Amino acid sequence: MRIGLINPNTTRSMTEAMAGAARQVAADGTEILALTARAGPAAIESYADEVYAANQVVDLVRDHQALDGFVIACSGDPGLPAAREVATVPVVGIGEAACL
């Protein structure tokens, strides 16, 4: 199984830290592909940042359709409904997952 872990901001060091944590708990045979937004804010701290980041999330999902699923690794779940709309595989937001 190949899962795309999406960091909606542009901070690559954060992406790698999150991917490392995910790899430690992933089931055997699960590959975590760390994906970082190509443009946008370094941190998501406002509604405007969230809107910009949501667009990046959708682009990353569209660009990686061969994966088996995605995790949006941001508590605000930017772009979650839109990502689910364009994806053909499950998309989980960590904020929604924590609440459920």
# chains A, B, ... in the order shown; residues from 1 in each chain; ligands from 1

$ residues_around --residues "Arg62 (chain A)" --least-positions-apart "4" --cutoff "9 Å" --atoms "only C-alpha atoms" --output "list in words"
Val57, Val58, Ala83, Val86 and Ala87 of chain A

$ select_by_dssp --residues "region 8-76 of chain A" --states "helix (DSSP H, G or I)" --output "JSON, numbers by chain"
{"A": [12, 13, 14, 15, 16, 17, 18, 19, 20, 21, 22, 23, 24, 25, 47, 48, 49, 50, 51, 52, 53, 54, 55, 56, 57, 58, 59, 60, 61, 62, 63]}

$ residues_around --residues "Leu5 (chain A)" --least-positions-apart "5" --cutoff "7 Å" --atoms "only C-alpha atoms" --output "list of chain:residue names"
A:Ala19, A:Ile32, A:Leu33, A:Ala34, A:Leu35, A:Phe70, A:Val71, A:Ile72, A:Ala73

$ residues_around --residues "region 36-40 of chain A" --least-positions-apart "5" --cutoff "8 Å" --atoms "only C-alpha atoms" --output "JSON, numbers by chain"
{"A": [6, 7, 8, 9, 10, 11, 12, 15, 49, 52, 53, 56, 57, 60]}

$ closest_residue --among "A:Ala98, A:Met18, A:Leu67, A:Cys74" --to "Ile3 (chain A)" --atoms "only C-alpha atoms"
A:Leu67
